[in-house]
Amino acid sequence: MHPAPSVIIFTTLSGLGFGLMIFLGLGEPAVTGWTAFWFFLIAYALSVGGLLASTLHLGHPERAIKAFSQWHTSWLSREAWAAVAGLLVMGVYAALAVFFGLRVAVLGYLGAGLSLVTVIATSMIYTQLKTVPRWNQVLTPLHFVSASLAGGALLGGQITAASVLFLVAGIIQLGHWRVGDSRFADAGHTIASATGLGQPGRIRAFEAPHTGTNYLLKEMVHVVARKHAVKLRVLAFGLGYALPLVLIVMPGAGHMLGGVAVISHLLGLFASRWLFFAEAEHVVGLYYGARG
Amino acid sequence: MTRLPDQTSRKLGLVIDLDTCVGCHACVIACKGWNTENYGAPLSDQDAYGADPVGTFLNRVHSYEITPEAGPAQLVHFPKSCLHCEDAPCVTVCPTGASYKRAEDGIVLVNETDCIGCGLCAWACPYGAREMDKTAGVMKKCTLCVDRIYNENLPEQDREPACVRTCPAGARHFGDLGDADSAVSQLVAARGGVDLMPDMGTKPVNKYLPPRPKDTWDQTDVLAPFLTPIADNPQGFLGWLDRALDRL
Ligand code: SF4
Ligand code: SF4
Ligand code: SF4
């Protein structure tokens, strides 16, 4: 799949932002006044910034409001609802905490729950697609949620939670790559099942339907260089999970190291999400002779 | 409405005969023409006469080579447009309700004034049947020529999809695949029509008729005996002609 910057930025930033919202909603850290103001500012900047980035790839962003209409079938629509509801509830919770020094726990829990649902809904947009076997696995939502929680705990300064979550998220990331690498073959989709013409090995794409490229090839048959993929996985794992974990468990780790951990995590997660899209193969490639 | 109808009264669709298709791409052009001049946003091209042309098409013809266990290789031309799936994943993922399946005839359409151009439906379609139009910013797909098949302003013989109407080989057939007695259903039954990617669970309405087994090297035409080379030492008139030509 085409690794469009808008969706990479969207899933990374808003995942992180809603992760922080979850911890703020749970009262970990239980902040009020100016401290609360800065925490909520960061959470809103990330989540809203991410959501705005996601509208950049739309053909008609001015009609985005229509995306709220199909929540009963569409995960994209559910995501829109959960995100807006979460942001509104957390807005009230934040306003009370910042201006009145009042933390209404119920509102916080509700906001945290809606934020979690938002992250799950985002992941389900990808997970539901049978056409992209690498995404169509149970580890996809687990990866999105664990990465979001780990990042949120880190931003919220919850060192104990963050260290456990980074460990878990890192393992899930490795598992997602491992399972993902064989998902296409395991699902059994071949040029033979795609065309209904005999057995694999006896059929090959002879001629493309057109001389140039097309929307489908650009959007869904993006081919990533394997060599880079391995390097990027090392970077994604090292910067995204391993280094932040080491930095925060270091004795006497202060705000400085915490800041480095955040930047490292963000860079690692960008690499991870780039791979998430670039390595994902869509079955339509079979019609164009991808995978032999 | 992106909730799929429980059932549709009819299942209009195409039957594509891979044995007959000659790969002339006439259907591609007829489709592009009709759908650019009629319903919805025109199918745009970018850099059409330049070095890097791209454009939107609702129907494309692939070509595959099959190598049978024995006998010569076979070339199969493979037209592909929306299969108007009964369990259309492209419809259920749509956040705006722009994509829908009609309860009355099963045609899958996009309401272009609702489409936000998110592209998710194209990701959900296994067959590459949806293309985002670069100029209009909305999703385009085969409409089964809904603006022809019910169009009373057209002469009766033209009330079928443009691709079917134009195919010089008669490789595309249009009809109700929900009616077991229809001509298309009978064709599918007689020729063993198949679904593409049945493992995707989309239950496509369109069916593909597999190519018939072809001749082998040793099977020849009835006229072949008359074409066999004449004997090495011809007699009579042929013998005289042979010797005369040799002497020249
Ligand atoms: S062929 Fe693709 S676009 Fe057409 S109904 Fe099926 S899934 Fe949808
Ligand atoms: S591109 Fe348009 S039709 Fe397709 S899912 Fe998005 S809004 Fe629906
Ligand atoms: S039915 Fe109409 S829109 Fe569909 S492929 Fe044929 S010509 Fe194109």
# chains A, B, ... in the order shown; residues from 1 in each chain; ligands from 1
call {"tool": "residues_near_ligand", "arguments": {"ligand": "ligand 2", "cutoff": "6 Å", "atoms": "only C-alpha atoms and all ligand atoms", "output": "ChimeraX atom specification"}}
result
/B:94-96,98-99,110,115-121,139
call {"tool": "write_last_selection", "arguments": {"atoms": "N, CA and C atoms", "output": "compact mmCIF listing (two decimals), in the first residue's frame"}}
result
# COMPACT_ATOMS: atom_id res chain seq x y z
N CYS B 94 -17.76 2.16 3.65
CA CYS B 94 -17.92 3.58 3.30
C CYS B 94 -18.50 4.38 4.46
N PRO B 95 -17.80 5.43 4.90
CA PRO B 95 -18.26 6.17 6.07
C PRO B 95 -19.42 7.13 5.77
N THR B 96 -19.62 7.46 4.51
CA THR B 96 -20.58 8.52 4.19
C THR B 96 -21.91 8.02 3.65
N ALA B 98 -22.09 7.07 0.65
CA ALA B 98 -22.04 7.34 -0.79
C ALA B 98 -22.11 6.04 -1.59
N SER B 99 -21.48 5.00 -1.07
CA SER B 99 -21.50 3.70 -1.74
C SER B 99 -22.73 2.94 -1.28
N VAL B 110 -22.06 4.59 -6.61
CA VAL B 110 -21.51 5.64 -5.74
C VAL B 110 -22.30 6.92 -5.99
N CYS B 115 -19.68 11.43 -1.74
CA CYS B 115 -18.36 10.82 -1.61
C CYS B 115 -17.33 11.86 -1.17
N ILE B 116 -16.56 11.51 -0.10
CA ILE B 116 -15.51 12.43 0.36
C ILE B 116 -14.15 12.07 -0.24
N GLY B 117 -14.12 11.01 -1.04
CA GLY B 117 -12.86 10.63 -1.68
C GLY B 117 -11.83 10.10 -0.70
N CYS B 118 -12.29 9.29 0.28
CA CYS B 118 -11.33 8.75 1.25
C CYS B 118 -10.59 7.54 0.69
N GLY B 119 -11.17 6.90 -0.32
CA GLY B 119 -10.48 5.78 -0.97
C GLY B 119 -10.59 4.45 -0.26
N LEU B 120 -11.30 4.42 0.87
CA LEU B 120 -11.35 3.17 1.64
C LEU B 120 -12.05 2.05 0.87
N CYS B 121 -13.07 2.41 0.08
CA CYS B 121 -13.80 1.38 -0.66
C CYS B 121 -12.91 0.71 -1.70
N MET B 139 -14.88 8.76 -6.05
CA MET B 139 -14.65 7.39 -6.46
C MET B 139 -15.52 7.05 -7.67
call {"tool": "interface_residues", "arguments": {"of": "chain B", "to": "chain A", "cutoff": "8 Å", "atoms": "only C-alpha atoms", "output": "number ranges by chain"}}
result
B: 1-3, 52-56, 60-68, 75, 92-97, 114-119, 123-128, 131-132, 136-138, 194-200, 210
call {"tool": "residues_near_ligand", "arguments": {"ligand": "ligand 1", "cutoff": "9 Å", "atoms": "only C-alpha atoms and all ligand atoms", "output": "PyMOL selection string"}}
result
chain B and resi 80-91+99+101+107-109+121-122+124-130+141-142+202-206
call {"tool": "residues_near_ligand", "arguments": {"ligand": "ligand 3", "cutoff": "8 Å", "atoms": "only C-alpha atoms and all ligand atoms", "output": "PyMOL selection string"}}
result
chain B and resi 14+27-28+30-32+34-35+58-59+80-82+141-146+160-164
call {"tool": "residues_around", "arguments": {"residues": "Ala229 of chain A", "least_positions_apart": "4", "cutoff": "12 Å", "atoms": "only C-alpha atoms", "output": "ChimeraX atom specification"}}
result
/A:177,181,223-225,233-236,271-280
call {"tool": "write_last_selection", "arguments": {"atoms": "N, CA, C and O atoms", "output": "PDB file, in the first residue's frame"}}
result
ATOM      1  N   TRP A 177       5.046  -8.114  12.874  1.00  0.00           N
ATOM      2  CA  TRP A 177       5.905  -8.292  11.699  1.00  0.00           C
ATOM      3  C   TRP A 177       6.009  -9.764  11.327  1.00  0.00           C
ATOM      4  O   TRP A 177       5.899 -10.145  10.170  1.00  0.00           O
ATOM      5  N   ASP A 181       4.437 -11.299   7.931  1.00  0.00           N
ATOM      6  CA  ASP A 181       5.276 -11.734   6.812  1.00  0.00           C
ATOM      7  C   ASP A 181       4.717 -12.946   6.075  1.00  0.00           C
ATOM      8  O   ASP A 181       4.983 -13.126   4.886  1.00  0.00           O
ATOM      9  N   VAL A 223       5.713  -1.086  -4.072  1.00  0.00           N
ATOM     10  CA  VAL A 223       6.697  -2.121  -3.749  1.00  0.00           C
ATOM     11  C   VAL A 223       7.845  -1.506  -2.959  1.00  0.00           C
ATOM     12  O   VAL A 223       8.446  -0.520  -3.360  1.00  0.00           O
ATOM     13  N   VAL A 224       8.123  -2.094  -1.805  1.00  0.00           N
ATOM     14  CA  VAL A 224       9.170  -1.567  -0.940  1.00  0.00           C
ATOM     15  C   VAL A 224      10.425  -2.424  -1.094  1.00  0.00           C
ATOM     16  O   VAL A 224      10.335  -3.635  -1.214  1.00  0.00           O
ATOM     17  N   ALA A 225      11.567  -1.763  -1.116  1.00  0.00           N
ATOM     18  CA  ALA A 225      12.828  -2.501  -1.218  1.00  0.00           C
ATOM     19  C   ALA A 225      13.057  -3.292   0.069  1.00  0.00           C
ATOM     20  O   ALA A 225      13.046  -2.735   1.153  1.00  0.00           O
ATOM     21  N   ARG A 233      13.066  -1.756  10.043  1.00  0.00           N
ATOM     22  CA  ARG A 233      12.522  -2.492  11.195  1.00  0.00           C
ATOM     23  C   ARG A 233      13.442  -2.355  12.399  1.00  0.00           C
ATOM     24  O   ARG A 233      12.985  -2.175  13.527  1.00  0.00           O
ATOM     25  N   VAL A 234      14.748  -2.424  12.133  1.00  0.00           N
ATOM     26  CA  VAL A 234      15.706  -2.275  13.232  1.00  0.00           C
ATOM     27  C   VAL A 234      15.553  -0.885  13.851  1.00  0.00           C
ATOM     28  O   VAL A 234      15.470  -0.733  15.070  1.00  0.00           O
ATOM     29  N   LEU A 235      15.457   0.128  12.985  1.00  0.00           N
ATOM     30  CA  LEU A 235      15.275   1.497  13.477  1.00  0.00           C
ATOM     31  C   LEU A 235      13.965   1.639  14.253  1.00  0.00           C
ATOM     32  O   LEU A 235      13.928   2.225  15.335  1.00  0.00           O
ATOM     33  N   ALA A 236      12.893   1.105  13.663  1.00  0.00           N
ATOM     34  CA  ALA A 236      11.578   1.239  14.286  1.00  0.00           C
ATOM     35  C   ALA A 236      11.568   0.582  15.659  1.00  0.00           C
ATOM     36  O   ALA A 236      11.057   1.151  16.628  1.00  0.00           O
ATOM     37  N   ALA A 271       8.703   5.309  11.614  1.00  0.00           N
ATOM     38  CA  ALA A 271       9.303   4.246  10.793  1.00  0.00           C
ATOM     39  C   ALA A 271       8.389   3.026  10.777  1.00  0.00           C
ATOM     40  O   ALA A 271       8.153   2.411   9.731  1.00  0.00           O
ATOM     41  N   SER A 272       7.866   2.686  11.945  1.00  0.00           N
ATOM     42  CA  SER A 272       6.991   1.518  12.053  1.00  0.00           C
ATOM     43  C   SER A 272       5.741   1.695  11.192  1.00  0.00           C
ATOM     44  O   SER A 272       5.316   0.771  10.486  1.00  0.00           O
ATOM     45  N   ARG A 273       5.159   2.876  11.222  1.00  0.00           N
ATOM     46  CA  ARG A 273       3.934   3.103  10.446  1.00  0.00           C
ATOM     47  C   ARG A 273       4.229   3.199   8.958  1.00  0.00           C
ATOM     48  O   ARG A 273       3.424   2.793   8.121  1.00  0.00           O
ATOM     49  N   TRP A 274       5.405   3.701   8.618  1.00  0.00           N
ATOM     50  CA  TRP A 274       5.783   3.730   7.200  1.00  0.00           C
ATOM     51  C   TRP A 274       5.807   2.286   6.679  1.00  0.00           C
ATOM     52  O   TRP A 274       5.249   1.966   5.635  1.00  0.00           O
ATOM     53  N   LEU A 275       6.432   1.411   7.478  1.00  0.00           N
ATOM     54  CA  LEU A 275       6.494  -0.004   7.096  1.00  0.00           C
ATOM     55  C   LEU A 275       5.113  -0.637   7.083  1.00  0.00           C
ATOM     56  O   LEU A 275       4.813  -1.478   6.235  1.00  0.00           O
ATOM     57  N   PHE A 276       4.277  -0.248   8.037  1.00  0.00           N
ATOM     58  CA  PHE A 276       2.924  -0.795   8.131  1.00  0.00           C
ATOM     59  C   PHE A 276       2.213  -0.654   6.783  1.00  0.00           C
ATOM     60  O   PHE A 276       1.557  -1.583   6.307  1.00  0.00           O
ATOM     61  N   PHE A 277       2.390   0.500   6.151  1.00  0.00           N
ATOM     62  CA  PHE A 277       1.758   0.703   4.848  1.00  0.00           C
ATOM     63  C   PHE A 277       2.606   0.142   3.715  1.00  0.00           C
ATOM     64  O   PHE A 277       2.114  -0.580   2.855  1.00  0.00           O
ATOM     65  N   ALA A 278       3.895   0.470   3.717  1.00  0.00           N
ATOM     66  CA  ALA A 278       4.729   0.106   2.576  1.00  0.00           C
ATOM     67  C   ALA A 278       4.851  -1.411   2.398  1.00  0.00           C
ATOM     68  O   ALA A 278       4.900  -1.909   1.280  1.00  0.00           O
ATOM     69  N   GLU A 279       4.865  -2.150   3.496  1.00  0.00           N
ATOM     70  CA  GLU A 279       5.032  -3.597   3.386  1.00  0.00           C
ATOM     71  C   GLU A 279       3.731  -4.324   3.117  1.00  0.00           C
ATOM     72  O   GLU A 279       3.731  -5.509   2.799  1.00  0.00           O
ATOM     73  N   ALA A 280       2.601  -3.633   3.283  1.00  0.00           N
ATOM     74  CA  ALA A 280       1.308  -4.290   3.128  1.00  0.00           C
ATOM     75  C   ALA A 280       1.009  -4.514   1.651  1.00  0.00           C
ATOM     76  O   ALA A 280       1.071  -3.588   0.851  1.00  0.00           O
TER      77      ALA A 280
END
call {"tool": "atom_distance", "arguments": {"atom1": "atom CA of Phe144 of chain A", "atom2": "atom CA of Phe10 of chain A"}}
result
12.3 Å
call {"tool": "residues_around", "arguments": {"residues": "Leu51 of chain A", "least_positions_apart": "3", "cutoff": "9 Å", "atoms": "only C-alpha atoms", "output": "MDAnalysis selection string"}}
result
chainID A and resid 10:11 13:14 46:48 54:55 83
call {"tool": "write_last_selection", "arguments": {"atoms": "N, CA, C and O atoms", "output": "CSV table (one decimal), in the first residue's frame"}}
result
chain,number,residue,atom,x,y,z
A,10,PHE,N,-1.1,10.9,10.7
A,10,PHE,CA,-2.4,10.7,11.4
A,10,PHE,C,-2.4,9.6,12.4
A,10,PHE,O,-2.6,9.8,13.6
A,11,THR,N,-2.0,8.4,12.0
A,11,THR,CA,-2.1,7.3,12.9
A,11,THR,C,-1.1,7.4,14.1
A,11,THR,O,-1.3,7.1,15.2
A,13,LEU,N,0.5,10.4,15.3
A,13,LEU,CA,0.2,11.5,16.3
A,13,LEU,C,-1.1,11.3,17.0
A,13,LEU,O,-1.1,11.5,18.2
A,14,SER,N,-2.1,10.9,16.3
A,14,SER,CA,-3.4,10.8,17.1
A,14,SER,C,-3.4,9.6,18.0
A,14,SER,O,-3.9,9.7,19.1
A,46,LEU,N,-1.7,16.8,19.6
A,46,LEU,CA,-1.4,15.6,18.9
A,46,LEU,C,-2.6,15.0,18.3
A,46,LEU,O,-2.6,14.6,17.1
A,47,SER,N,-3.7,14.8,19.1
A,47,SER,CA,-4.8,14.1,18.6
A,47,SER,C,-5.5,14.9,17.5
A,47,SER,O,-5.9,14.4,16.4
A,48,VAL,N,-5.8,16.2,17.7
A,48,VAL,CA,-6.5,17.0,16.7
A,48,VAL,C,-5.6,17.2,15.5
A,48,VAL,O,-6.0,17.1,14.3
A,54,SER,N,-5.3,13.6,8.7
A,54,SER,CA,-6.0,12.6,7.9
A,54,SER,C,-7.0,13.1,6.9
A,54,SER,O,-7.3,12.4,5.9
A,55,THR,N,-7.4,14.3,7.1
A,55,THR,CA,-8.4,14.9,6.1
A,55,THR,C,-7.6,15.4,4.9
A,55,THR,O,-8.3,15.6,3.8
A,83,ALA,N,-13.9,9.8,18.2
A,83,ALA,CA,-12.9,10.8,18.3
A,83,ALA,C,-13.6,12.1,18.8
A,83,ALA,O,-13.1,12.8,19.8
call {"tool": "closest_residue", "arguments": {"among": "B:Thr135, B:Asn111, B:Gln235, B:Thr166", "to": "Gly33 of chain B", "atoms": "only C-alpha atoms"}}
result
B:Thr166
call {"tool": "atom_distance", "arguments": {"atom1": "atom CA of Ile171 of chain A", "atom2": "atom CA of Gly27 of chain A"}}
result
27.0 Å
call {"tool": "residues_around", "arguments": {"residues": "Ala147 of chain A", "least_positions_apart": "6", "cutoff": "12 Å", "atoms": "only C-alpha atoms", "output": "MDAnalysis selection string"}}
result
chainID A and resid 11:20 116 119:120 123 139:141 153:154 162:173 236:237 240:241 265:266 268:270 272:273
